[in-house]
file upload.cif (mmCIF, C-alpha atoms)
data_run
#
loop_
_atom_site.group_PDB
_atom_site.id
_atom_site.type_symbol
_atom_site.label_atom_id
_atom_site.label_comp_id
_atom_site.auth_asym_id
_atom_site.auth_seq_id
_atom_site.Cartn_x
_atom_site.Cartn_y
_atom_site.Cartn_z
ATOM 1 C CA MET A 126 24.130 26.204 28.057
ATOM 2 C CA ALA A 127 24.313 24.103 31.230
ATOM 3 C CA ASP A 128 24.361 27.260 33.411
ATOM 4 C CA LEU A 129 21.301 28.604 31.662
ATOM 5 C CA GLU A 130 19.417 25.414 32.269
ATOM 6 C CA GLN A 131 20.291 25.522 35.988
ATOM 7 C CA GLN A 132 19.045 29.089 36.305
ATOM 8 C CA THR A 133 15.710 28.443 34.621
ATOM 9 C CA PRO A 134 12.974 28.651 37.295
ATOM 10 C CA ILE A 135 10.518 25.795 37.567
ATOM 11 C CA GLU A 136 7.069 27.105 36.784
ATOM 12 C CA GLU A 137 4.001 26.416 38.913
ATOM 13 C CA THR A 138 6.112 25.218 41.858
ATOM 14 C CA PRO A 139 4.224 26.046 45.083
ATOM 15 C CA VAL A 140 6.287 28.093 47.529
ATOM 16 C CA ASP A 141 4.184 29.834 50.155
ATOM 17 C CA ASP A 142 1.065 27.690 50.187
ATOM 18 C CA VAL A 143 2.641 24.376 51.126
ATOM 19 C CA ASP A 144 1.846 23.340 54.681
ATOM 20 C CA MET A 145 4.402 20.816 55.888
ATOM 21 C CA GLY A 146 3.511 18.975 59.047
ATOM 22 C CA GLU A 147 5.797 18.451 61.998
ATOM 23 C CA GLY A 148 8.713 16.214 61.242
ATOM 24 C CA ALA A 149 8.341 16.653 57.527
ATOM 25 C CA GLY A 150 11.635 18.496 57.324
ATOM 26 C CA ASP A 151 13.444 15.703 59.130
ATOM 27 C CA ALA A 152 11.880 13.124 56.830
ATOM 28 C CA ALA A 153 12.969 15.060 53.754
ATOM 29 C CA ALA A 154 16.482 15.365 55.104
ATOM 30 C CA GLY A 155 16.637 11.669 55.776
ATOM 31 C CA ALA A 156 15.658 10.931 52.234
ATOM 32 C CA GLY A 157 18.533 12.942 50.793
ATOM 33 C CA GLU A 158 20.602 9.948 49.937
ATOM 34 C CA GLU A 159 17.680 7.896 48.667
ATOM 35 C CA THR A 160 16.070 7.976 45.233
ATOM 36 C CA LEU A 161 12.956 10.122 45.376
ATOM 37 C CA LEU A 162 11.189 8.050 42.675
ATOM 38 C CA PRO A 163 11.165 4.261 42.707
ATOM 39 C CA ASP A 164 12.763 2.449 39.803
ATOM 40 C CA ILE A 165 10.147 1.747 37.150
ATOM 41 C CA GLU A 166 10.495 -1.571 35.390
ATOM 42 C CA PRO A 167 9.853 -1.303 31.620
ATOM 43 C CA GLU A 168 6.521 -2.792 30.750
ATOM 44 C CA ALA A 169 6.970 -5.998 28.779
ATOM 45 C CA PRO A 170 4.939 -6.225 25.573
ATOM 46 C CA LYS A 171 1.794 -8.227 26.006
ATOM 47 C CA LEU A 172 2.065 -11.676 24.494
ATOM 48 C CA VAL A 173 -0.794 -12.334 22.097
ATOM 49 C CA LEU A 174 -1.049 -15.935 20.997
ATOM 50 C CA PHE A 175 -2.843 -17.100 17.867
ATOM 51 C CA ALA A 176 -5.237 -18.947 20.139
ATOM 52 C CA ASP A 177 -6.124 -15.626 21.792
ATOM 53 C CA LEU A 178 -7.067 -14.173 18.418
ATOM 54 C CA MET A 179 -9.335 -17.142 17.762
ATOM 55 C CA LYS A 180 -11.234 -16.453 20.986
ATOM 56 C CA SER A 181 -12.361 -13.008 19.847
ATOM 57 C CA PRO A 182 -15.903 -12.461 18.524
ATOM 58 C CA ILE A 183 -16.769 -13.184 14.908
ATOM 59 C CA ILE A 184 -17.561 -10.327 12.540
ATOM 60 C CA GLU A 185 -19.173 -10.679 9.118
ATOM 61 C CA VAL A 186 -17.565 -8.735 6.271
ATOM 62 C CA VAL A 187 -20.226 -8.474 3.568
ATOM 63 C CA VAL A 188 -18.851 -7.731 0.107
ATOM 64 C CA GLY A 189 -20.639 -6.946 -3.155
ATOM 65 C CA ALA A 190 -24.338 -6.788 -3.970
ATOM 66 C CA GLY A 191 -27.030 -8.882 -5.622
ATOM 67 C CA ASP A 192 -26.143 -12.401 -6.749
ATOM 68 C CA SER A 193 -22.434 -11.765 -6.241
ATOM 69 C CA ARG A 194 -22.873 -10.764 -2.591
ATOM 70 C CA THR A 195 -20.407 -12.692 -0.433
ATOM 71 C CA THR A 196 -19.880 -12.863 3.323
ATOM 72 C CA TYR A 197 -16.515 -13.453 4.977
ATOM 73 C CA SER A 198 -16.504 -14.420 8.652
ATOM 74 C CA ALA A 199 -13.416 -13.271 10.534
ATOM 75 C CA HIS A 200 -12.291 -12.733 14.114
ATOM 76 C CA GLU A 201 -12.531 -9.205 15.461
ATOM 77 C CA ALA A 202 -8.983 -9.237 16.885
ATOM 78 C CA VAL A 203 -7.663 -9.971 13.385
ATOM 79 C CA LEU A 204 -9.783 -7.439 11.507
ATOM 80 C CA VAL A 205 -8.966 -4.534 13.817
ATOM 81 C CA LYS A 206 -5.348 -4.659 12.608
ATOM 82 C CA SER A 207 -6.810 -2.388 9.940
ATOM 83 C CA PRO A 208 -7.574 1.089 11.346
ATOM 84 C CA GLU A 209 -10.578 1.375 9.029
ATOM 85 C CA PHE A 210 -12.021 -1.935 10.233
ATOM 86 C CA ALA A 211 -11.313 -0.916 13.836
ATOM 87 C CA LYS A 212 -13.227 2.335 13.373
ATOM 88 C CA GLN A 213 -16.256 0.496 12.030
ATOM 89 C CA VAL A 214 -16.147 -2.028 14.862
ATOM 90 C CA ASP A 215 -16.150 0.843 17.382
ATOM 91 C CA ASN A 216 -19.326 2.150 15.763
ATOM 92 C CA PHE A 217 -21.272 -1.097 16.225
ATOM 93 C CA ALA A 218 -24.551 -0.482 18.043
ATOM 94 C CA PRO A 219 -24.924 -2.500 21.275
ATOM 95 C CA GLY A 220 -26.879 -5.647 20.498
ATOM 96 C CA GLY A 221 -26.947 -4.826 16.782
ATOM 97 C CA PRO A 222 -25.571 -6.837 13.870
ATOM 98 C CA ARG A 223 -21.816 -7.258 13.811
ATOM 99 C CA GLN A 224 -21.389 -6.607 10.114
ATOM 100 C CA ILE A 225 -19.087 -4.494 7.979
ATOM 101 C CA ILE A 226 -20.497 -3.879 4.496
ATOM 102 C CA PHE A 227 -18.565 -3.046 1.315
ATOM 103 C CA THR A 228 -21.006 -2.980 -1.596
ATOM 104 C CA ASP A 229 -18.532 -1.694 -4.214
ATOM 105 C CA CYS A 230 -15.533 -3.819 -3.237
ATOM 106 C CA ASN A 231 -14.001 -6.596 -5.339
ATOM 107 C CA ILE A 232 -14.822 -9.914 -3.668
ATOM 108 C CA ASN A 233 -11.502 -11.618 -4.375
ATOM 109 C CA ALA A 234 -9.504 -8.583 -3.284
ATOM 110 C CA MET A 235 -11.264 -8.555 0.091
ATOM 111 C CA GLY A 236 -10.604 -12.272 0.460
ATOM 112 C CA SER A 237 -6.899 -11.623 -0.112
ATOM 113 C CA VAL A 238 -6.907 -8.787 2.424
ATOM 114 C CA ILE A 239 -8.403 -11.053 5.085
ATOM 115 C CA GLU A 240 -5.890 -13.762 4.182
ATOM 116 C CA TYR A 241 -3.111 -11.211 4.678
ATOM 117 C CA LEU A 242 -4.476 -10.090 8.063
ATOM 118 C CA TYR A 243 -4.369 -13.698 9.269
ATOM 119 C CA THR A 244 -1.089 -14.842 7.698
ATOM 120 C CA GLY A 245 0.919 -11.796 6.583
ATOM 121 C CA GLU A 246 0.786 -12.941 2.924
ATOM 122 C CA TYR A 247 -1.721 -13.694 0.166
ATOM 123 C CA PHE A 248 -1.847 -15.925 -2.909
ATOM 124 C CA PRO A 249 0.060 -15.999 -5.182
ATOM 125 C CA LYS A 250 2.986 -15.766 -2.765
ATOM 126 C CA LYS A 251 6.638 -15.071 -3.531
ATOM 127 C CA THR A 252 8.559 -18.285 -4.080
ATOM 128 C CA SER A 253 11.427 -17.139 -1.835
ATOM 129 C CA SER A 254 12.666 -14.198 0.197
ATOM 130 C CA ALA A 255 15.072 -13.144 -2.573
ATOM 131 C CA ARG A 256 14.723 -9.601 -3.866
ATOM 132 C CA ASP A 257 13.630 -10.675 -7.343
ATOM 133 C CA ALA A 258 11.793 -13.855 -6.348
ATOM 134 C CA SER A 259 9.066 -14.910 -8.748
ATOM 135 C CA LEU A 260 5.484 -15.627 -7.728
ATOM 136 C CA GLU A 261 3.715 -18.940 -7.395
ATOM 137 C CA LYS A 262 1.932 -20.115 -10.518
ATOM 138 C CA ASP A 263 -1.610 -18.782 -10.558
ATOM 139 C CA PRO A 264 -4.007 -21.137 -12.418
ATOM 140 C CA ARG A 265 -6.504 -18.296 -12.821
ATOM 141 C CA LEU A 266 -4.289 -16.554 -15.374
ATOM 142 C CA PRO A 267 -4.743 -17.212 -19.111
ATOM 143 C CA MET A 268 -1.770 -18.106 -21.279
ATOM 144 C CA ALA A 269 -1.979 -14.766 -23.095
ATOM 145 C CA ASP A 270 -3.247 -12.243 -20.554
ATOM 146 C CA ASN A 271 -4.837 -9.671 -22.863
ATOM 147 C CA GLU A 272 -7.229 -8.570 -20.107
ATOM 148 C CA GLY A 273 -4.535 -7.850 -17.526
ATOM 149 C CA VAL A 274 -6.086 -10.364 -15.120
ATOM 150 C CA GLY A 275 -2.870 -11.040 -13.238
ATOM 151 C CA LEU A 276 -1.945 -7.378 -12.863
ATOM 152 C CA LEU A 277 -5.462 -6.434 -11.748
ATOM 153 C CA VAL A 278 -5.380 -9.029 -8.949
ATOM 154 C CA HIS A 279 -2.641 -7.073 -7.208
ATOM 155 C CA ALA A 280 -3.826 -3.621 -8.304
ATOM 156 C CA ARG A 281 -7.215 -4.188 -6.659
ATOM 157 C CA ILE A 282 -5.541 -5.378 -3.469
ATOM 158 C CA TYR A 283 -3.292 -2.302 -3.557
ATOM 159 C CA THR A 284 -6.211 0.143 -3.776
ATOM 160 C CA LEU A 285 -8.230 -1.729 -1.135
ATOM 161 C CA ALA A 286 -5.212 -1.775 1.206
ATOM 162 C CA ASP A 287 -4.986 1.984 0.764
ATOM 163 C CA GLN A 288 -8.652 2.324 1.756
ATOM 164 C CA LEU A 289 -8.160 0.084 4.796
ATOM 165 C CA GLN A 290 -4.961 1.919 5.843
ATOM 166 C CA LEU A 291 -2.651 -1.076 5.502
ATOM 167 C CA PRO A 292 0.621 0.369 4.136
ATOM 168 C CA GLU A 293 2.575 -2.898 4.458
ATOM 169 C CA LEU A 294 -0.020 -4.682 2.309
ATOM 170 C CA LYS A 295 0.143 -1.869 -0.251
ATOM 171 C CA SER A 296 3.893 -2.361 -0.502
ATOM 172 C CA LEU A 297 3.513 -6.128 -0.858
ATOM 173 C CA ALA A 298 0.891 -5.832 -3.615
ATOM 174 C CA HIS A 299 2.994 -3.252 -5.449
ATOM 175 C CA SER A 300 6.020 -5.563 -5.418
ATOM 176 C CA LYS A 301 3.932 -8.370 -6.921
ATOM 177 C CA ILE A 302 2.735 -6.161 -9.779
ATOM 178 C CA HIS A 303 6.323 -5.974 -10.989
ATOM 179 C CA ARG A 304 6.575 -9.769 -11.004
ATOM 180 C CA THR A 305 3.484 -10.409 -13.123
ATOM 181 C CA ALA A 306 3.638 -10.998 -16.875
ATOM 182 C CA SER A 307 1.100 -9.629 -19.308
ATOM 183 C CA THR A 308 0.618 -8.496 -22.922
ATOM 184 C CA ALA A 309 0.438 -4.987 -24.368
ATOM 185 C CA LYS A 310 -3.352 -5.061 -24.195
ATOM 186 C CA GLY A 311 -3.227 -6.454 -20.675
ATOM 187 C CA GLU A 312 -0.844 -3.678 -19.629
ATOM 188 C CA LEU A 313 -3.286 -1.084 -20.951
ATOM 189 C CA ALA A 314 -6.161 -2.706 -19.059
ATOM 190 C CA TYR A 315 -4.027 -2.406 -15.938
ATOM 191 C CA ALA A 316 -3.150 1.212 -16.755
ATOM 192 C CA ARG A 317 -6.829 2.050 -17.188
ATOM 193 C CA PHE A 318 -7.619 0.622 -13.742
ATOM 194 C CA VAL A 319 -4.752 2.519 -12.107
ATOM 195 C CA TYR A 320 -5.762 5.876 -13.584
ATOM 196 C CA LYS A 321 -9.424 5.291 -12.781
ATOM 197 C CA GLU A 322 -9.208 3.874 -9.266
ATOM 198 C CA SER A 323 -6.012 5.186 -7.661
ATOM 199 C CA ASN A 324 -5.456 8.513 -5.945
ATOM 200 C CA PRO A 325 -4.218 11.086 -8.506
ATOM 201 C CA GLU A 326 -1.441 12.002 -6.065
ATOM 202 C CA ASP A 327 -0.263 8.391 -5.722
ATOM 203 C CA THR A 328 2.884 8.460 -7.850
ATOM 204 C CA THR A 329 4.020 5.155 -6.336
ATOM 205 C CA ILE A 330 1.665 3.218 -8.600
ATOM 206 C CA ARG A 331 1.032 5.778 -11.363
ATOM 207 C CA LYS A 332 4.569 6.771 -12.287
ATOM 208 C CA PRO A 333 5.746 3.230 -13.162
ATOM 209 C CA VAL A 334 2.715 2.840 -15.454
ATOM 210 C CA ALA A 335 3.603 5.959 -17.433
ATOM 211 C CA ALA A 336 7.295 5.000 -17.436
ATOM 212 C CA PHE A 337 6.460 1.529 -18.733
ATOM 213 C CA TRP A 338 4.689 2.940 -21.777
ATOM 214 C CA ALA A 339 7.109 5.804 -22.310
ATOM 215 C CA THR A 340 9.835 3.246 -23.079
ATOM 216 C CA ARG A 341 7.721 0.944 -25.307
ATOM 217 C CA SER A 342 6.635 2.970 -28.332
ATOM 218 C CA PHE A 343 7.082 -0.049 -30.620
ATOM 219 C CA SER A 344 4.472 -2.043 -28.721
ATOM 220 C CA LEU A 345 2.095 0.920 -28.720
ATOM 221 C CA ARG A 346 2.145 1.234 -32.499
ATOM 222 C CA HIS A 347 2.172 -2.442 -33.474
ATOM 223 C CA ASP A 348 0.411 -4.426 -30.746
ATOM 224 C CA ALA A 349 -2.201 -2.214 -29.104
ATOM 225 C CA GLU A 350 -2.609 1.049 -30.985
ATOM 226 C CA PRO A 351 -6.471 1.167 -30.878
ATOM 227 C CA GLU A 352 -6.473 0.384 -27.152
ATOM 228 C CA PHE A 353 -3.716 2.906 -26.494
ATOM 229 C CA LYS A 354 -5.625 5.617 -28.372
ATOM 230 C CA ALA A 355 -8.774 4.852 -26.373
ATOM 231 C CA MET A 356 -6.773 5.001 -23.143
ATOM 232 C CA CYS A 357 -5.301 8.390 -24.035
ATOM 233 C CA LEU A 358 -8.715 9.838 -24.898
ATOM 234 C CA GLU A 359 -10.321 8.458 -21.733
ATOM 235 C CA PHE A 360 -7.520 9.563 -19.390
ATOM 236 C CA PRO A 361 -5.721 12.697 -20.660
ATOM 237 C CA GLN A 362 -3.541 12.650 -17.536
ATOM 238 C CA PHE A 363 -2.092 9.328 -18.697
ATOM 239 C CA SER A 364 -1.272 10.881 -22.092
ATOM 240 C CA TYR A 365 0.425 13.826 -20.449
ATOM 241 C CA ASP A 366 2.425 11.665 -18.032
ATOM 242 C CA VAL A 367 3.727 9.465 -20.864
ATOM 243 C CA LEU A 368 4.497 12.446 -23.106
ATOM 244 C CA GLN A 369 6.304 14.264 -20.317
ATOM 245 C CA LEU A 370 8.600 11.286 -19.727
ATOM 246 C CA VAL A 371 9.283 10.886 -23.455
ATOM 247 C CA LEU A 372 10.182 14.568 -23.810
ATOM 248 C CA ASP A 373 12.365 14.456 -20.696
ATOM 249 C CA GLN A 374 14.167 11.467 -22.170
ATOM 250 C CA GLN A 375 14.742 13.224 -25.498
ATOM 251 C CA GLU A 376 16.090 16.278 -23.712
ATOM 252 C CA LYS A 377 18.535 14.149 -21.729
ATOM 253 C CA SER A 378 19.595 12.367 -24.910
ATOM 254 C CA ARG A 379 20.399 15.679 -26.603
ATOM 255 C CA ARG A 380 22.437 16.803 -23.613
ATOM 256 C CA GLY A 381 24.269 13.495 -23.713
ATOM 257 C CA GLY A 382 25.059 14.038 -27.383
ATOM 258 C CA ASP A 383 26.557 17.454 -26.662
ATOM 259 C CA ASP A 384 28.881 15.947 -24.091
ATOM 260 C CA GLY A 385 30.076 13.115 -26.344
ATOM 261 C CA PRO A 386 29.248 9.468 -25.476
ATOM 262 C CA GLY A 387 25.785 8.614 -24.219
ATOM 263 C CA ARG A 388 23.849 10.076 -27.122
ATOM 264 C CA GLY A 389 21.221 7.396 -26.910
ATOM 265 C CA GLY A 390 20.490 8.027 -23.223
ATOM 266 C CA PRO A 391 19.333 5.398 -20.735
ATOM 267 C CA SER A 392 16.924 2.740 -21.988
ATOM 268 C CA VAL A 393 14.728 2.885 -18.892
ATOM 269 C CA VAL A 394 13.099 6.035 -17.620
ATOM 270 C CA PRO A 395 14.788 7.064 -14.325
ATOM 271 C CA GLY A 396 12.558 7.066 -11.279
ATOM 272 C CA SER A 397 10.190 4.410 -12.581
ATOM 273 C CA THR A 398 10.686 2.515 -9.282
ATOM 274 C CA ARG A 399 10.442 -0.748 -11.222
ATOM 275 C CA LYS A 400 12.604 -3.287 -9.383
ATOM 276 C CA ARG A 401 13.239 -5.128 -12.636
ATOM 277 C CA ALA A 402 11.778 -5.122 -16.110
ATOM 278 C CA ARG A 403 8.423 -6.856 -15.963
ATOM 279 C CA VAL A 404 8.438 -10.022 -18.040
ATOM 280 C CA SER A 405 5.860 -9.219 -20.664
ATOM 281 C CA GLN A 406 4.516 -11.004 -23.704
ATOM 282 C CA LEU A 407 4.738 -7.829 -25.799
#

call {"tool": "encode", "arguments": {"input": "upload.cif", "output": "structure tokens"}}
result
Amino acid sequence: MADLEQQTPIEETPVDDVDMGEGAGDAAAGAGEETLLPDIEPEAPKLVLFADLMKSPIIEVVVGAGDSRTTYSAHEAVLVKSPEFAKQVDNFAPGGPRQIIFTDCNINAMGSVIEYLYTGEYFPKKTSSARDASLEKDPRLPMADNEGVGLLVHARIYTLADQLQLPELKSLAHSKIHRTASTAKGELAYARFVYKESNPEDTTIRKPVAAFWATRSFSLRHDAEPEFKAMCLEFPQFSYDVLQLVLDQQEKSRRGGDDGPGRGGPSVVPGSTRKRARVSQL
């Protein structure tokens, strides 16, 4: 292989048309023992201080419409961490308003996104760096979360992070979903949001929802049957996803029975990506 590489001609190398002046040959000969190209020092990463970010121009992020319309003021150098924000900033007309408008965006979710762009986190934060660390207490959550308020906080941030092309924030929001307690009705409210607002191809957030309900038939029948029926009729894909997991589980259980021990099969659907069972008031 080495011989082949040495025999390969160098394309587009001028041969006949090069006019070398007098003494050029001697100069080339004298440079034989010297490096033809100077050593190039690696370019050190540019240090960007927090104070530098604060010096950048202010941009208004306008969220919502009507009486709920809210404006967040943020520094350009912080916002452009999001590729989507950066694209909109590039499209600003010279001398025009420096505004980015999201009429259909959840106000609180956008506030959390901007908090994340400044600090790398958002409330409620994890109480420690441990893998299964719980979240800070959120006073906005009711004692019995039948509306899925806590789950929807993170689900809305997840979908907005996807729109703004912030994969690290998506991952953070997804991890917090699995640390948020709810009730059967609250879980179905969350499931409805996921199947309505998320990308149909996004199995990262959809598959755990189906897996959660595929392993909780008791709760479906006794705690939230009317809501579950309405969910199935509104989103047939949800029904199919849950049914598919239940049938897969039954098939594995039968195979386990043929082989001896393990007739009952695993209690959690494989591939649910749930880091731990969500503490739920089911």

call {"tool": "resolve_selection", "arguments": {"input": "upload.cif", "expression": "the PyMOL selection byres ((chain A and resi 263) around 12)", "output": "list of chain:residue names"}}
result
A:Tyr247, A:Phe248, A:Pro249, A:Lys250, A:Lys251, A:Ser259, A:Leu260, A:Glu261, A:Lys262, A:Pro264, A:Arg265, A:Leu266, A:Pro267, A:Met268, A:Val274, A:Gly275, A:Leu276, A:Val278, A:Thr305, A:Ala306

call {"tool": "residues_around", "arguments": {"input": "upload.cif", "residues": "Leu285 (chain A)", "least_positions_apart": "5", "cutoff": "9 Å", "atoms": "all atoms listed in the file", "output": "ChimeraX atom specification"}}
result
/A:230-231,234-235,238,280,290-291,295

call {"tool": "residues_around", "arguments": {"input": "upload.cif", "residues": "region 330-335 of chain A", "least_positions_apart": "4", "cutoff": "10 Å", "atoms": "all atoms listed in the file", "output": "PDB file with C-alpha atoms, in the coordinates of the input"}}
result
ATOM      1  CA  ALA A 280      -3.826  -3.621  -8.304  1.00  0.00           C
ATOM      2  CA  TYR A 283      -3.292  -2.302  -3.557  1.00  0.00           C
ATOM      3  CA  THR A 284      -6.211   0.143  -3.776  1.00  0.00           C
ATOM      4  CA  LYS A 295       0.143  -1.869  -0.251  1.00  0.00           C
ATOM      5  CA  HIS A 299       2.994  -3.252  -5.449  1.00  0.00           C
ATOM      6  CA  ILE A 302       2.735  -6.161  -9.779  1.00  0.00           C
ATOM      7  CA  HIS A 303       6.323  -5.974 -10.989  1.00  0.00           C
ATOM      8  CA  GLU A 312      -0.844  -3.678 -19.629  1.00  0.00           C
ATOM      9  CA  LEU A 313      -3.286  -1.084 -20.951  1.00  0.00           C
ATOM     10  CA  TYR A 315      -4.027  -2.406 -15.938  1.00  0.00           C
ATOM     11  CA  ALA A 316      -3.150   1.212 -16.755  1.00  0.00           C
ATOM     12  CA  ARG A 317      -6.829   2.050 -17.188  1.00  0.00           C
ATOM     13  CA  VAL A 319      -4.752   2.519 -12.107  1.00  0.00           C
ATOM     14  CA  TYR A 320      -5.762   5.876 -13.584  1.00  0.00           C
ATOM     15  CA  SER A 323      -6.012   5.186  -7.661  1.00  0.00           C
ATOM     16  CA  ASN A 324      -5.456   8.513  -5.945  1.00  0.00           C
ATOM     17  CA  PRO A 325      -4.218  11.086  -8.506  1.00  0.00           C
ATOM     18  CA  GLU A 326      -1.441  12.002  -6.065  1.00  0.00           C
ATOM     19  CA  ALA A 339       7.109   5.804 -22.310  1.00  0.00           C
ATOM     20  CA  THR A 340       9.835   3.246 -23.079  1.00  0.00           C
ATOM     21  CA  GLN A 362      -3.541  12.650 -17.536  1.00  0.00           C
ATOM     22  CA  PHE A 363      -2.092   9.328 -18.697  1.00  0.00           C
ATOM     23  CA  SER A 364      -1.272  10.881 -22.092  1.00  0.00           C
ATOM     24  CA  TYR A 365       0.425  13.826 -20.449  1.00  0.00           C
ATOM     25  CA  ASP A 366       2.425  11.665 -18.032  1.00  0.00           C
ATOM     26  CA  VAL A 367       3.727   9.465 -20.864  1.00  0.00           C
ATOM     27  CA  LEU A 368       4.497  12.446 -23.106  1.00  0.00           C
ATOM     28  CA  GLN A 369       6.304  14.264 -20.317  1.00  0.00           C
ATOM     29  CA  LEU A 370       8.600  11.286 -19.727  1.00  0.00           C
ATOM     30  CA  VAL A 371       9.283  10.886 -23.455  1.00  0.00           C
ATOM     31  CA  VAL A 394      13.099   6.035 -17.620  1.00  0.00           C
ATOM     32  CA  PRO A 395      14.788   7.064 -14.325  1.00  0.00           C
ATOM     33  CA  GLY A 396      12.558   7.066 -11.279  1.00  0.00           C
ATOM     34  CA  SER A 397      10.190   4.410 -12.581  1.00  0.00           C
ATOM     35  CA  THR A 398      10.686   2.515  -9.282  1.00  0.00           C
ATOM     36  CA  ARG A 399      10.442  -0.748 -11.222  1.00  0.00           C
TER      37      ARG A 399
END

call {"tool": "atom_distance", "arguments": {"input": "upload.cif", "atom1": "CA of Gly189 (chain A)", "atom2": "CA of Phe227 (chain A)"}}
result
6.3 Å

call {"tool": "axis_aligned_box", "arguments": {"input": "upload.cif", "around": "region 210-228 of chain A", "padding_each_side": "5 Å", "output": "lines of an AutoDock Vina configuration file"}}
result
center_x = -19.1
center_y = -2.5
center_z = 9.8
size_x = 25.6
size_y = 19.6
size_z = 32.9

call {"tool": "residues_around", "arguments": {"input": "upload.cif", "residues": "region 192-205 of chain A", "least_positions_apart": "5", "cutoff": "8 Å", "atoms": "all atoms listed in the file", "output": "ChimeraX atom specification"}}
result
/A:178-187,210-211,214,232,236,239,242-243

call {"tool": "atom_distance", "arguments": {"input": "upload.cif", "atom1": "CA of Ala314 (chain A)", "atom2": "CA of Ser300 (chain A)"}}
result
18.5 Å

call {"tool": "resolve_selection", "arguments": {"input": "upload.cif", "expression": "the PyMOL selection byres ((chain A and resi 311) around 6)", "output": "PyMOL selection string"}}
result
chain A and resi 270-273+307-310+312-314

call {"tool": "write_last_selection", "arguments": {"input": "upload.cif", "atoms": "C-alpha atoms", "output": "JSON list (two decimals), in the frame of the given file"}}
result
[["chain", "number", "residue", "atom", "x", "y", "z"],
["A", 270, "ASP", "CA", -3.25, -12.24, -20.55],
["A", 271, "ASN", "CA", -4.84, -9.67, -22.86],
["A", 272, "GLU", "CA", -7.23, -8.57, -20.11],
["A", 273, "GLY", "CA", -4.54, -7.85, -17.53],
["A", 307, "SER", "CA", 1.10, -9.63, -19.31],
["A", 308, "THR", "CA", 0.62, -8.50, -22.92],
["A", 309, "ALA", "CA", 0.44, -4.99, -24.37],
["A", 310, "LYS", "CA", -3.35, -5.06, -24.20],
["A", 312, "GLU", "CA", -0.84, -3.68, -19.63],
["A", 313, "LEU", "CA", -3.29, -1.08, -20.95],
["A", 314, "ALA", "CA", -6.16, -2.71, -19.06]]

call {"tool": "closest_residue", "arguments": {"input": "upload.cif", "among": "A:Ala286, A:Arg346, A:Ala190, A:Pro208", "to": "Ile226 (chain A)", "atoms": "all atoms listed in the file"}}
result
A:Ala190

call {"tool": "atom_distance", "arguments": {"input": "upload.cif", "atom1": "CA of Arg256 (chain A)", "atom2": "CA of His279 (chain A)"}}
result
17.9 Å
